[in-house]
Structure formats: structure tokens, C-alpha cells
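Written out below as C-alpha cells is the structure these notes cover.
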Amino acid sequence: MSKRNEPPTTSLNGMAHLDAVERPVTTTDPVVRTKGGTAHGFFEVTEDISQLCRADFLQSGTRTPAFVRFSTVAGALRSADTVRDPRGFTVRFVTRQGNYDLVGNSTPVFYIDDPRKVVDFVRSRRTRTADNNTRWDFWTSYPESAHQVTILMTDRGIPRAWANMNGYSGRACLWENPSGLKFWVKYHWKTAQGIANLADADAKAMAVEEPDFHVRGLRTAIGRREDPAWRLETQIMPFEEAANYRFNPFDLTKVWPHEDYPPITIGRLVLNRNPENPLSEVALEPVNAVPGIDPAPASLGGPYAHRHDDDFVQPGALYRNVLSETDRDHLVTNIANHLRDGVRSDVLVRALAYWSTVDVDLGARVARAVL
């Protein structure tokens, strides 16, 4: 937790909030509005990156008022905070050059990267009949979901608190420096409080005991002057390298491996003030940008395929090379518990094949746990 600083001032007006699939929704629509919580604070640049970006608020030593909205992706207004779901992590920088709104999630990837699939995705998550069978039917029908679902089924699928999770921009953006050189960039918000998660059973118990567990937790922590903070790291890709990178660098279902583009720390985000009226301060607009920063395209517009455009390579590498043995054990248990809860036999068969394609050992372990 950081030391208390003077609260910045900011003004937010009635713009449309963009949810995690980057689709505009109105804040007054009870069907699609996701449950969330908000807080004010500041972003401070701690490193000199003037050679990378000319945006005014990214110059060394600059402190900018900021506003963050956390949310679940699928949860409606009355849903429990501790469901297994990615969390939205959207930041507004109130800069001298205008508002810059950065949409993000608690995971570095997402289920899909094709706008034509958004309607199917939303139906699988938010309809009144949405259940585990509906979700697995969708996931197994779209293999690009495997990376996100693998992360979701690890313990990071249920953070202990919003302060105990990372945030990621997912999509890249384009930086331009004062000389006109351009770079592709991804943002990573790394929690200063440390990663902490809830076990599946504890999360289900908390959903009954305190459905607003995360909302109240954030407000209580700031009220106690325990200001949560995050370190901002960026991955920088030279502009020319995107075209020939081993996979589409703008694919939202994939990460840029750290060995290719090591994260660089550039600043810190601190939340130190609760909003007076949360319902009037949740609207963000991700098309808001500032000079020196532009959005990246969804793809390169070229007809050729990248040599590593494969949906299962990265989730398989996550299972084999990143997760600890304990993490892998918990992953198998979480998947099995989810599959045993109302999933039809035909969808179950597809799910077992899905996990075997991610990793043969993982698929076999899940099958033994379920059957």
C-alpha cells in the first residue's frame, strides 16, 4: 500500500462505457451493464521514456489524475463479485491534452478476437439461461478461447480483491516519439499488494455471505488509507517488426512472450479516493486518446498467415512452462468441478478433446477427474 497523497480532481461525464469485448453499451441498460466499482487516484511516471512517446502525461516525473473502474465481464448488477470470471480494469488518465481511456482486463488475453463472434459470446455469458453447459458449448466451438479459458480456470480466475490482481491492456496501442518514430505497446498493471486469490469453495461461500465483497473491499481499503497501487510495465515492439512477427501481434487471444519483448517499468498508479457518487462516475470511452498515442489495428489487413498462428500453442506453454505443480493441480480440479456442473455429455466429450489439444497430460488428468 502506498503513502496517502492529496486527492486529484477530475470530471467525468455521461459517456458510454466500453466493456471487456470492446463493445459500446449504455450505462443505463440493465441487461448488459456489468457490475463494478470505482476509485480516483493518480498515475506518476517514474522513468524517462521521452524517447518512446511524446504524449505529455508520459514525460518523466509527471503526475496525472486518474480514475479506475473494476468490473466483472459477465456479472449483472446483482451478481456476486466472487464468480469465476475475468475482471475489467479500465483506467482514465485526465491529462492536460484531454482524457485518455485505456480499456483492460485482469487477464492479458480474451476469448475471441473477431467482432463477428461477439453476439455469440454475449449470449453465452449474459442470457437468463446462461450456465456452464452454454459456456462450454461456446468455448469448445471457438478454439481461440483456449488461452483465456486456461487462465480463467487457474486460481487467478477468482482474485481475493481487486487490489490483488494485475491488469492488462490486451490490445496493443501505437506510440509515437518526438522524432516521429513509432512503436507498438502493451500495458501491464502489476499489483504492488501481491497476487492473492480465493479457492473455489471459499469464493462460493463468499458469494452467499457478501455478494459485494470486492466493491466493499476497495472502498474499505481506501477509507482506511490503505491505498492500493500498481506498477505500470510496458512491452515495446518496434513498428517494423509487427509485419513479420511469428504470430499476429494484434491477436487478442495471444500474449507477446517476455523473452521477445521484456517488460519495462515506466510508472505507478495509486488509488486514494472513493467517488462521492459512483453511479455518475463510471462512464468511460476508449476512443479517447491523446497526441502521441493511437489504437492498434485488430490485424495487419494482409492475406498471409504468421508461422505461429495457432490457438493451442500458448495455453499449452502456460500449462507446461509457467504454472507450478500446485497451479496445475488446482487447474485440473477447477476444470473438473466446472465440467461436472450441468454440462451435457456431448459437450463434455468436446471439452475433453479441447483440453487434450491444449496438452495431452492435462486432457488425461481432466478426464480422470471427471469420468
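Note on naming: chains are A, B, ... as they come in the C-alpha cells, residues start from 1 per chain, ligands start from 1 in the order shown.
Once A:Asp212 and its same-chain neighbours fewer than 2 positions away are set aside, Ala80, Asp81, Glu210, His214, Val215 and Arg216 of chain A remain within 7 Å of it when counting only C-alpha atoms.
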Let's have the selection written as a PDB file, in the first residue's frame, with N, CA, C and O atoms.
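Generated output (part.pdb):
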```pdb
ATOM      1  N   ALA A  80     -22.794 -11.816  -7.832  1.00  0.00           N
ATOM      2  CA  ALA A  80     -21.765 -11.856  -6.791  1.00  0.00           C
ATOM      3  C   ALA A  80     -20.411 -11.471  -7.376  1.00  0.00           C
ATOM      4  O   ALA A  80     -20.096 -11.775  -8.533  1.00  0.00           O
ATOM      5  N   ASP A  81     -19.600 -10.807  -6.572  1.00  0.00           N
ATOM      6  CA  ASP A  81     -18.276 -10.375  -7.032  1.00  0.00           C
ATOM      7  C   ASP A  81     -17.300 -11.532  -7.190  1.00  0.00           C
ATOM      8  O   ASP A  81     -16.315 -11.406  -7.922  1.00  0.00           O
ATOM      9  N   GLU A 210     -21.379 -12.386   1.236  1.00  0.00           N
ATOM     10  CA  GLU A 210     -21.176 -10.974   0.889  1.00  0.00           C
ATOM     11  C   GLU A 210     -21.017 -10.845  -0.625  1.00  0.00           C
ATOM     12  O   GLU A 210     -19.900 -10.883  -1.155  1.00  0.00           O
ATOM     13  N   HIS A 214     -15.876  -7.525  -3.347  1.00  0.00           N
ATOM     14  CA  HIS A 214     -14.823  -6.732  -3.966  1.00  0.00           C
ATOM     15  C   HIS A 214     -15.139  -5.236  -3.957  1.00  0.00           C
ATOM     16  O   HIS A 214     -14.254  -4.413  -3.746  1.00  0.00           O
ATOM     17  N   VAL A 215     -16.402  -4.904  -4.187  1.00  0.00           N
ATOM     18  CA  VAL A 215     -16.802  -3.494  -4.156  1.00  0.00           C
ATOM     19  C   VAL A 215     -16.530  -2.898  -2.785  1.00  0.00           C
ATOM     20  O   VAL A 215     -15.913  -1.830  -2.648  1.00  0.00           O
ATOM     21  N   ARG A 216     -17.003  -3.595  -1.747  1.00  0.00           N
ATOM     22  CA  ARG A 216     -16.802  -3.095  -0.382  1.00  0.00           C
ATOM     23  C   ARG A 216     -15.334  -3.127   0.018  1.00  0.00           C
ATOM     24  O   ARG A 216     -14.858  -2.243   0.739  1.00  0.00           O
TER      25      ARG A 216
END
```
| said: Please return, as a PyMOL selection string, all residues of stretch 107-263 of chain A that DSSP assigns to helix (DSSP H, G or I) on the basis of the backbone. | reply: chain A and resi 115-126+132-141+143-153+155-157+162-164+200-209+213-223+239-241
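The shell of residues at most 10 Å from A:Phe138, with only C-alpha atoms counted and near chain neighbours (fewer than 4 positions) removed, consists of Tyr111, Asp120, Phe121, Arg123, Ser124, Arg125, Asn132, Asn133, Thr134, Tyr142, Pro143, Ser145 and Val347 of chain A.
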Using only all heavy atoms, please write the residues we just selected to a file, as a short mmCIF file (atom, residue, chain, number, x, y, z; two decimals), in the first residue's frame.
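Once written, result_8.cif looks like this:
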```
data_model
loop_
_atom_site.label_atom_id
_atom_site.label_comp_id
_atom_site.auth_asym_id
_atom_site.auth_seq_id
_atom_site.Cartn_x
_atom_site.Cartn_y
_atom_site.Cartn_z
N TYR A 111 -11.30 -14.14 -24.90
CA TYR A 111 -11.85 -15.36 -25.50
C TYR A 111 -11.84 -15.34 -27.02
O TYR A 111 -11.65 -16.37 -27.66
CB TYR A 111 -13.30 -15.57 -25.05
CG TYR A 111 -13.50 -15.71 -23.57
CD1 TYR A 111 -13.88 -14.61 -22.81
CD2 TYR A 111 -13.35 -16.93 -22.93
CE1 TYR A 111 -14.10 -14.73 -21.44
CE2 TYR A 111 -13.57 -17.06 -21.57
CZ TYR A 111 -13.95 -15.96 -20.82
OH TYR A 111 -14.15 -16.08 -19.48
N ASP A 120 -22.46 -14.10 -30.24
CA ASP A 120 -22.46 -15.44 -29.66
C ASP A 120 -21.82 -15.45 -28.28
O ASP A 120 -22.28 -16.12 -27.37
CB ASP A 120 -21.70 -16.42 -30.57
CG ASP A 120 -22.48 -16.77 -31.82
OD1 ASP A 120 -23.70 -16.52 -31.85
OD2 ASP A 120 -21.86 -17.28 -32.77
N PHE A 121 -20.75 -14.67 -28.14
CA PHE A 121 -20.08 -14.60 -26.84
C PHE A 121 -21.00 -14.02 -25.77
O PHE A 121 -21.13 -14.57 -24.68
CB PHE A 121 -18.81 -13.77 -26.94
CG PHE A 121 -18.20 -13.46 -25.60
CD1 PHE A 121 -17.50 -14.42 -24.91
CD2 PHE A 121 -18.36 -12.21 -25.03
CE1 PHE A 121 -16.96 -14.15 -23.66
CE2 PHE A 121 -17.83 -11.93 -23.78
CZ PHE A 121 -17.12 -12.91 -23.10
N ARG A 123 -24.23 -13.90 -25.69
CA ARG A 123 -25.30 -14.84 -25.38
C ARG A 123 -24.83 -15.95 -24.45
O ARG A 123 -25.56 -16.40 -23.58
CB ARG A 123 -25.84 -15.45 -26.67
CG ARG A 123 -26.70 -14.51 -27.50
CD ARG A 123 -27.07 -15.13 -28.82
NE ARG A 123 -27.90 -14.24 -29.62
CZ ARG A 123 -28.13 -14.40 -30.92
NH1 ARG A 123 -27.56 -15.41 -31.57
NH2 ARG A 123 -28.90 -13.56 -31.56
N SER A 124 -23.58 -16.38 -24.63
CA SER A 124 -23.07 -17.47 -23.79
C SER A 124 -22.81 -17.02 -22.36
O SER A 124 -22.69 -17.85 -21.46
CB SER A 124 -21.76 -18.01 -24.38
OG SER A 124 -20.67 -17.13 -24.15
N ARG A 125 -22.74 -15.70 -22.14
CA ARG A 125 -22.38 -15.18 -20.82
C ARG A 125 -23.53 -14.50 -20.10
O ARG A 125 -23.59 -14.52 -18.86
CB ARG A 125 -21.25 -14.16 -20.94
CG ARG A 125 -20.01 -14.67 -21.62
CD ARG A 125 -19.31 -15.71 -20.79
NE ARG A 125 -18.72 -15.10 -19.61
CZ ARG A 125 -18.08 -15.80 -18.68
NH1 ARG A 125 -17.95 -17.09 -18.79
NH2 ARG A 125 -17.58 -15.20 -17.62
N ASN A 132 -23.15 -23.39 -17.18
CA ASN A 132 -21.87 -23.99 -17.57
C ASN A 132 -21.95 -24.69 -18.92
O ASN A 132 -20.99 -24.66 -19.69
CB ASN A 132 -21.42 -24.97 -16.49
CG ASN A 132 -20.86 -24.25 -15.28
OD1 ASN A 132 -20.76 -23.03 -15.27
ND2 ASN A 132 -20.48 -24.99 -14.26
N ASN A 133 -23.06 -25.34 -19.20
CA ASN A 133 -23.19 -26.02 -20.49
C ASN A 133 -23.11 -25.02 -21.65
O ASN A 133 -22.45 -25.27 -22.66
CB ASN A 133 -24.49 -26.80 -20.55
CG ASN A 133 -24.57 -27.67 -21.79
OD1 ASN A 133 -23.92 -28.70 -21.88
ND2 ASN A 133 -25.35 -27.25 -22.76
N THR A 134 -23.79 -23.89 -21.50
CA THR A 134 -23.76 -22.86 -22.54
C THR A 134 -22.35 -22.34 -22.75
O THR A 134 -21.90 -22.14 -23.88
CB THR A 134 -24.70 -21.69 -22.16
OG1 THR A 134 -26.00 -22.20 -21.87
CG2 THR A 134 -24.78 -20.67 -23.28
N TYR A 142 -15.11 -22.49 -30.31
CA TYR A 142 -14.15 -21.48 -30.75
C TYR A 142 -12.80 -21.77 -30.10
O TYR A 142 -12.55 -21.35 -28.97
CB TYR A 142 -14.63 -20.08 -30.39
CG TYR A 142 -15.91 -19.69 -31.09
CD1 TYR A 142 -17.13 -19.64 -30.42
CD2 TYR A 142 -15.90 -19.38 -32.45
CE1 TYR A 142 -18.30 -19.28 -31.07
CE2 TYR A 142 -17.07 -19.02 -33.12
CZ TYR A 142 -18.27 -18.98 -32.42
OH TYR A 142 -19.41 -18.64 -33.06
N PRO A 143 -11.93 -22.51 -30.78
CA PRO A 143 -10.66 -22.94 -30.16
C PRO A 143 -9.75 -21.79 -29.73
O PRO A 143 -8.90 -21.97 -28.86
CB PRO A 143 -10.00 -23.79 -31.25
CG PRO A 143 -10.68 -23.40 -32.52
CD PRO A 143 -12.08 -23.03 -32.15
N SER A 145 -10.43 -19.55 -27.87
CA SER A 145 -10.75 -19.25 -26.47
C SER A 145 -9.84 -19.97 -25.49
O SER A 145 -9.83 -19.65 -24.30
CB SER A 145 -12.20 -19.61 -26.16
OG SER A 145 -12.39 -21.03 -26.20
N VAL A 347 -21.28 -32.16 -25.01
CA VAL A 347 -20.38 -31.02 -24.79
C VAL A 347 -19.17 -31.45 -23.97
O VAL A 347 -18.05 -30.99 -24.21
CB VAL A 347 -21.14 -29.86 -24.10
CG1 VAL A 347 -20.19 -28.70 -23.81
CG2 VAL A 347 -22.29 -29.38 -24.98
#
```
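Of the listed residues (A:Asp202, A:Asp113, A:Asp101, A:Asp48), A:Asp113 comes nearest to A:Pro249; the distances count only C-alpha atoms.
Distances here use only C-alpha atoms; by that measure, the residue among A:Gly316, A:Pro262, A:Gly180, A:Pro291 closest to A:Phe239 is A:Gly180.
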Q.
Give me the residues near A:Ser60 as a PyMOL selection string, where near means some atom within 10 Å (using only C-alpha atoms) and where sequence neighbours in that chain fewer than 2 positions away do not count.
A. chain A and resi 44-50+56-58+62-63+266-267
Include N, CA, C and O atoms and write out the residues we just selected as a tab-separated table (two decimals), in the first residue's frame.
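Heads up, here's the output in part37.tsv:
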```tsv
chain	number	residue	atom	x	y	z
A	44	GLU	N	1.76	8.31	-11.95
A	44	GLU	CA	3.02	9.05	-11.91
A	44	GLU	C	4.08	8.33	-12.73
A	44	GLU	O	4.31	7.13	-12.55
A	45	VAL	N	4.70	9.05	-13.64
A	45	VAL	CA	5.79	8.49	-14.45
A	45	VAL	C	7.07	8.49	-13.63
A	45	VAL	O	7.47	9.53	-13.09
A	46	THR	N	7.69	7.34	-13.50
A	46	THR	CA	8.90	7.21	-12.69
A	46	THR	C	10.17	7.01	-13.51
A	46	THR	O	11.27	7.07	-12.97
A	47	GLU	N	10.03	6.78	-14.81
A	47	GLU	CA	11.19	6.57	-15.68
A	47	GLU	C	11.11	7.52	-16.87
A	47	GLU	O	10.03	7.98	-17.24
A	48	ASP	N	12.24	7.80	-17.47
A	48	ASP	CA	12.29	8.67	-18.64
A	48	ASP	C	12.03	7.84	-19.89
A	48	ASP	O	12.86	7.04	-20.31
A	49	ILE	N	10.85	8.02	-20.50
A	49	ILE	CA	10.53	7.31	-21.74
A	49	ILE	C	10.25	8.30	-22.86
A	49	ILE	O	9.53	7.99	-23.81
A	50	SER	N	10.81	9.49	-22.73
A	50	SER	CA	10.56	10.53	-23.74
A	50	SER	C	11.03	10.11	-25.13
A	50	SER	O	10.52	10.62	-26.14
A	56	ASP	N	2.12	14.00	-23.50
A	56	ASP	CA	2.51	14.89	-22.42
A	56	ASP	C	2.50	14.20	-21.05
A	56	ASP	O	3.41	14.40	-20.24
A	57	PHE	N	1.50	13.36	-20.78
A	57	PHE	CA	1.37	12.77	-19.44
A	57	PHE	C	2.38	11.66	-19.20
A	57	PHE	O	2.52	11.19	-18.07
A	58	LEU	N	3.14	11.26	-20.25
A	58	LEU	CA	4.14	10.20	-20.09
A	58	LEU	C	5.56	10.74	-19.97
A	58	LEU	O	6.52	9.97	-20.05
A	62	THR	N	5.95	13.35	-14.38
A	62	THR	CA	4.59	13.89	-14.50
A	62	THR	C	3.60	13.07	-13.67
A	62	THR	O	3.62	11.85	-13.71
A	63	ARG	N	2.75	13.76	-12.93
A	63	ARG	CA	1.70	13.11	-12.16
A	63	ARG	C	0.35	13.54	-12.74
A	63	ARG	O	0.07	14.73	-12.86
A	266	ILE	N	7.53	1.85	-16.23
A	266	ILE	CA	7.53	3.28	-16.57
A	266	ILE	C	6.86	4.15	-15.52
A	266	ILE	O	7.04	5.37	-15.52
A	267	GLY	N	6.07	3.58	-14.61
A	267	GLY	CA	5.40	4.42	-13.63
A	267	GLY	C	4.56	3.63	-12.66
A	267	GLY	O	4.65	2.40	-12.58
```
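Closest approach to A:Thr140 among A:Ala351, A:Leu362, A:Val68, A:Val73: A:Ala351, based on only C-alpha atoms.
Backbone DSSP of stretch 41-123 of chain A yields strand (DSSP E) at Gly41, Phe42, Phe43, Glu44, Val45, Arg63, Thr64, Pro65, Ala66, Phe67, Val68, Arg69, Phe70, Ser71, Thr72, Arg87, Gly88, Phe89, Thr90, Val91, Arg92, Phe93, Val94, Thr95, Gly98, Asn99, Tyr100, Asp101 and Leu102 of chain A.
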Suppose we keep C-alpha atoms; can you now write the selection as a CSV table (one decimal), in the first residue's frame?
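Final output, saved to selection.csv:
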```csv
chain,number,residue,atom,x,y,z
A,41,GLY,CA,-6.1,8.4,-7.8
A,42,PHE,CA,-3.1,9.4,-9.8
A,43,PHE,CA,-0.6,8.0,-12.3
A,44,GLU,CA,3.0,9.0,-11.9
A,45,VAL,CA,5.8,8.5,-14.5
A,63,ARG,CA,1.7,13.1,-12.2
A,64,THR,CA,-1.8,12.8,-13.8
A,65,PRO,CA,-5.2,12.5,-12.1
A,66,ALA,CA,-6.6,9.0,-12.8
A,67,PHE,CA,-9.8,7.1,-12.4
A,68,VAL,CA,-10.3,3.3,-12.5
A,69,ARG,CA,-13.3,1.1,-13.0
A,70,PHE,CA,-13.2,-2.5,-12.0
A,71,SER,CA,-15.9,-4.9,-13.1
A,72,THR,CA,-16.8,-8.5,-13.9
A,87,ARG,CA,-12.3,-8.6,-14.3
A,88,GLY,CA,-12.4,-5.4,-16.2
A,89,PHE,CA,-9.6,-3.0,-15.4
A,90,THR,CA,-10.2,0.3,-17.2
A,91,VAL,CA,-8.2,3.5,-16.5
A,92,ARG,CA,-8.9,7.1,-17.3
A,93,PHE,CA,-5.9,9.4,-17.4
A,94,VAL,CA,-7.1,13.1,-17.1
A,95,THR,CA,-4.3,14.7,-18.9
A,98,GLY,CA,-7.5,15.6,-22.8
A,99,ASN,CA,-8.8,12.3,-21.4
A,100,TYR,CA,-7.1,9.1,-22.3
A,101,ASP,CA,-9.2,6.0,-21.6
A,102,LEU,CA,-7.5,2.6,-21.5
```
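Using only C-alpha atoms, the smallest distance between any of A:Trp136, A:Ile151, A:Met165, A:Asp200 and A:Val83 comes from A:Asp200.
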Using only C-alpha atoms, determine which residues lie at most 7 Å from A:Gly157, disregarding the query and same-chain residues fewer than 2 positions distant; provide the list as a compact mmCIF listing (two decimals) with C-alpha atoms, in the first residue's frame.
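Result saved to result-v1.txt:
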```txt
# COMPACT_ATOMS: atom_id res chain seq x y z
CA ARG A 84 -15.03 -17.17 -11.74
CA ASP A 85 -14.69 -14.53 -14.44
CA PRO A 86 -12.16 -12.08 -15.88
CA ILE A 151 -6.11 -18.68 -17.33
CA LEU A 152 -9.70 -18.41 -16.12
CA MET A 153 -9.59 -21.94 -14.69
CA THR A 154 -6.42 -21.28 -12.72
CA ASP A 155 -6.69 -19.73 -9.26
CA PRO A 159 -8.95 -12.78 -7.17
```
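Between A:Leu269 and the candidates A:Glu233, A:Asp341, A:Asp114, A:Asp346, the tightest atom-to-atom separation, counting only C-alpha atoms, involves A:Glu233.
Pairwise distance (atom CA of A:Ala242, atom CA of A:Lys254) equals 13.8 Å.
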Long-range neighbours of A:Thr220 as a ChimeraX atom specification, 12 Å cut-off, only C-alpha atoms, 3 positions minimum in chain = /A:37,39,161,163,212-217,223-228,272-274
Keeping only N, CA, C and O atoms, write the selected residues to a file as a tab-separated table (two decimals), in the first residue's frame.
```tsv
chain	number	residue	atom	x	y	z
A	37	GLY	N	-16.97	-1.42	-9.55
A	37	GLY	CA	-16.63	-0.44	-8.53
A	37	GLY	C	-15.58	0.51	-9.07
A	37	GLY	O	-14.86	0.19	-10.02
A	39	ALA	N	-12.71	4.06	-8.31
A	39	ALA	CA	-11.90	4.83	-7.37
A	39	ALA	C	-11.07	5.85	-8.15
A	39	ALA	O	-10.74	5.66	-9.32
A	161	ALA	N	-9.10	-9.88	-4.00
A	161	ALA	CA	-9.55	-8.49	-4.03
A	161	ALA	C	-9.07	-7.87	-5.33
A	161	ALA	O	-8.13	-8.36	-5.96
A	163	ALA	N	-7.46	-5.27	-5.53
A	163	ALA	CA	-6.10	-4.81	-5.26
A	163	ALA	C	-5.07	-5.92	-5.41
A	163	ALA	O	-3.88	-5.64	-5.52
A	212	ASP	N	-21.14	-8.35	-2.51
A	212	ASP	CA	-20.39	-7.16	-2.90
A	212	ASP	C	-18.99	-7.14	-2.29
A	212	ASP	O	-18.45	-6.08	-1.98
A	213	PHE	N	-18.40	-8.31	-2.16
A	213	PHE	CA	-17.12	-8.46	-1.46
A	213	PHE	C	-16.03	-7.57	-2.05
A	213	PHE	O	-15.29	-6.89	-1.31
A	214	HIS	N	-15.88	-7.53	-3.35
A	214	HIS	CA	-14.82	-6.73	-3.97
A	214	HIS	C	-15.14	-5.24	-3.96
A	214	HIS	O	-14.25	-4.41	-3.75
A	215	VAL	N	-16.40	-4.90	-4.19
A	215	VAL	CA	-16.80	-3.49	-4.16
A	215	VAL	C	-16.53	-2.90	-2.79
A	215	VAL	O	-15.91	-1.83	-2.65
A	216	ARG	N	-17.00	-3.59	-1.75
A	216	ARG	CA	-16.80	-3.10	-0.38
A	216	ARG	C	-15.33	-3.13	0.02
A	216	ARG	O	-14.86	-2.24	0.74
A	217	GLY	N	-14.61	-4.14	-0.45
A	217	GLY	CA	-13.19	-4.24	-0.10
A	217	GLY	C	-12.38	-3.06	-0.58
A	217	GLY	O	-11.53	-2.53	0.14
A	223	GLY	N	-10.82	3.85	2.39
A	223	GLY	CA	-11.31	4.56	3.58
A	223	GLY	C	-10.38	4.44	4.77
A	223	GLY	O	-10.31	5.34	5.61
A	224	ARG	N	-9.64	3.33	4.83
A	224	ARG	CA	-8.66	3.13	5.90
A	224	ARG	C	-7.29	3.71	5.55
A	224	ARG	O	-6.33	3.51	6.28
A	225	ARG	N	-7.22	4.39	4.42
A	225	ARG	CA	-5.97	4.99	3.92
A	225	ARG	C	-4.95	3.93	3.55
A	225	ARG	O	-3.74	4.18	3.57
A	226	GLU	N	-5.42	2.76	3.16
A	226	GLU	CA	-4.56	1.69	2.63
A	226	GLU	C	-4.67	1.73	1.11
A	226	GLU	O	-5.36	0.91	0.50
A	227	ASP	N	-4.01	2.69	0.52
A	227	ASP	CA	-4.22	2.99	-0.89
A	227	ASP	C	-3.59	1.92	-1.79
A	227	ASP	O	-2.36	1.76	-1.81
A	228	PRO	N	-4.39	1.20	-2.56
A	228	PRO	CA	-3.81	0.19	-3.45
A	228	PRO	C	-3.03	0.83	-4.58
A	228	PRO	O	-3.37	1.92	-5.06
A	272	ASN	N	-6.57	6.53	-4.25
A	272	ASN	CA	-6.56	7.10	-2.91
A	272	ASN	C	-7.84	7.85	-2.54
A	272	ASN	O	-7.89	8.51	-1.51
A	273	ARG	N	-8.88	7.76	-3.38
A	273	ARG	CA	-10.11	8.48	-3.06
A	273	ARG	C	-11.32	7.75	-3.61
A	273	ARG	O	-11.35	7.41	-4.80
A	274	ASN	N	-12.30	7.51	-2.75
A	274	ASN	CA	-13.55	6.90	-3.19
A	274	ASN	C	-14.43	7.95	-3.86
A	274	ASN	O	-14.44	9.11	-3.44
```
Show me a table, sorted first by chain and then by increasing residue number, of the residues of stretch 235-254 of chain A having an atom at most 9 Å from stretch 292-298 of chain A, each with its shortest atom pair and the distance in Å to one decimal, counting only C-alpha atoms and written as a tab-separated table.
```
residue	atom	partner	partner_atom	distance
A:Phe250	CA	A:Ala298	CA	5.5
A:Asp251	CA	A:Ala298	CA	6.8
A:Leu252	CA	A:Ala298	CA	8.1
```
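Minimum distance to A:Ile195 across A:Ser106, A:Leu174, A:Val149, A:Arg219 (counting only C-alpha atoms) occurs at A:Ser106.
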| said: Just want the 9 Å neighbourhood of A:Ala364, counted on only C-alpha atoms, with same-chain residues fewer than 5 positions away dropped. Output as a PyMOL selection string. | reply: chain A and resi 352+355-356+359+369
Just-selected residues, all heavy atoms written as a PDB file, in the first residue's frame:
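As a result, result_38.pdb now contains:
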```
ATOM      1  N   LEU A 352     -13.267 -32.437 -23.280  1.00  0.00           N
ATOM      2  CA  LEU A 352     -12.109 -33.293 -23.010  1.00  0.00           C
ATOM      3  C   LEU A 352     -11.137 -33.267 -24.193  1.00  0.00           C
ATOM      4  O   LEU A 352      -9.910 -33.244 -24.006  1.00  0.00           O
ATOM      5  CB  LEU A 352     -12.568 -34.720 -22.711  1.00  0.00           C
ATOM      6  CG  LEU A 352     -13.404 -34.887 -21.442  1.00  0.00           C
ATOM      7  CD1 LEU A 352     -13.811 -36.343 -21.257  1.00  0.00           C
ATOM      8  CD2 LEU A 352     -12.644 -34.387 -20.209  1.00  0.00           C
ATOM      9  N   TRP A 355      -9.187 -29.908 -24.044  1.00  0.00           N
ATOM     10  CA  TRP A 355      -8.070 -29.869 -23.102  1.00  0.00           C
ATOM     11  C   TRP A 355      -6.930 -30.784 -23.523  1.00  0.00           C
ATOM     12  O   TRP A 355      -5.761 -30.482 -23.275  1.00  0.00           O
ATOM     13  CB  TRP A 355      -8.551 -30.207 -21.693  1.00  0.00           C
ATOM     14  CG  TRP A 355      -9.398 -29.113 -21.125  1.00  0.00           C
ATOM     15  CD1 TRP A 355     -10.716 -29.167 -20.808  1.00  0.00           C
ATOM     16  CD2 TRP A 355      -8.987 -27.764 -20.862  1.00  0.00           C
ATOM     17  NE1 TRP A 355     -11.164 -27.946 -20.361  1.00  0.00           N
ATOM     18  CE2 TRP A 355     -10.119 -27.070 -20.380  1.00  0.00           C
ATOM     19  CE3 TRP A 355      -7.783 -27.081 -20.986  1.00  0.00           C
ATOM     20  CZ2 TRP A 355     -10.068 -25.718 -20.028  1.00  0.00           C
ATOM     21  CZ3 TRP A 355      -7.729 -25.732 -20.629  1.00  0.00           C
ATOM     22  CH2 TRP A 355      -8.868 -25.074 -20.159  1.00  0.00           C
ATOM     23  N   SER A 356      -7.231 -31.875 -24.187  1.00  0.00           N
ATOM     24  CA  SER A 356      -6.167 -32.740 -24.705  1.00  0.00           C
ATOM     25  C   SER A 356      -5.372 -32.047 -25.800  1.00  0.00           C
ATOM     26  O   SER A 356      -4.175 -32.310 -25.958  1.00  0.00           O
ATOM     27  CB  SER A 356      -6.763 -34.054 -25.234  1.00  0.00           C
ATOM     28  OG  SER A 356      -7.304 -34.820 -24.184  1.00  0.00           O
ATOM     29  N   ASP A 359      -2.948 -29.702 -23.999  1.00  0.00           N
ATOM     30  CA  ASP A 359      -1.832 -30.525 -23.528  1.00  0.00           C
ATOM     31  C   ASP A 359      -2.352 -31.935 -23.261  1.00  0.00           C
ATOM     32  O   ASP A 359      -3.385 -32.097 -22.589  1.00  0.00           O
ATOM     33  CB  ASP A 359      -1.229 -29.942 -22.245  1.00  0.00           C
ATOM     34  CG  ASP A 359      -0.030 -30.734 -21.763  1.00  0.00           C
ATOM     35  OD1 ASP A 359       1.095 -30.450 -22.215  1.00  0.00           O
ATOM     36  OD2 ASP A 359      -0.235 -31.673 -20.952  1.00  0.00           O
ATOM     37  N   ALA A 369     -10.432 -36.982 -13.706  1.00  0.00           N
ATOM     38  CA  ALA A 369     -11.125 -36.278 -12.619  1.00  0.00           C
ATOM     39  C   ALA A 369     -12.625 -36.194 -12.862  1.00  0.00           C
ATOM     40  O   ALA A 369     -13.409 -36.121 -11.897  1.00  0.00           O
ATOM     41  CB  ALA A 369     -10.539 -34.882 -12.461  1.00  0.00           C
TER      42      ALA A 369
END
```
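From atom CA of A:Gly170 back to atom CA of A:Ile112, the distance works out to 11.5 Å.
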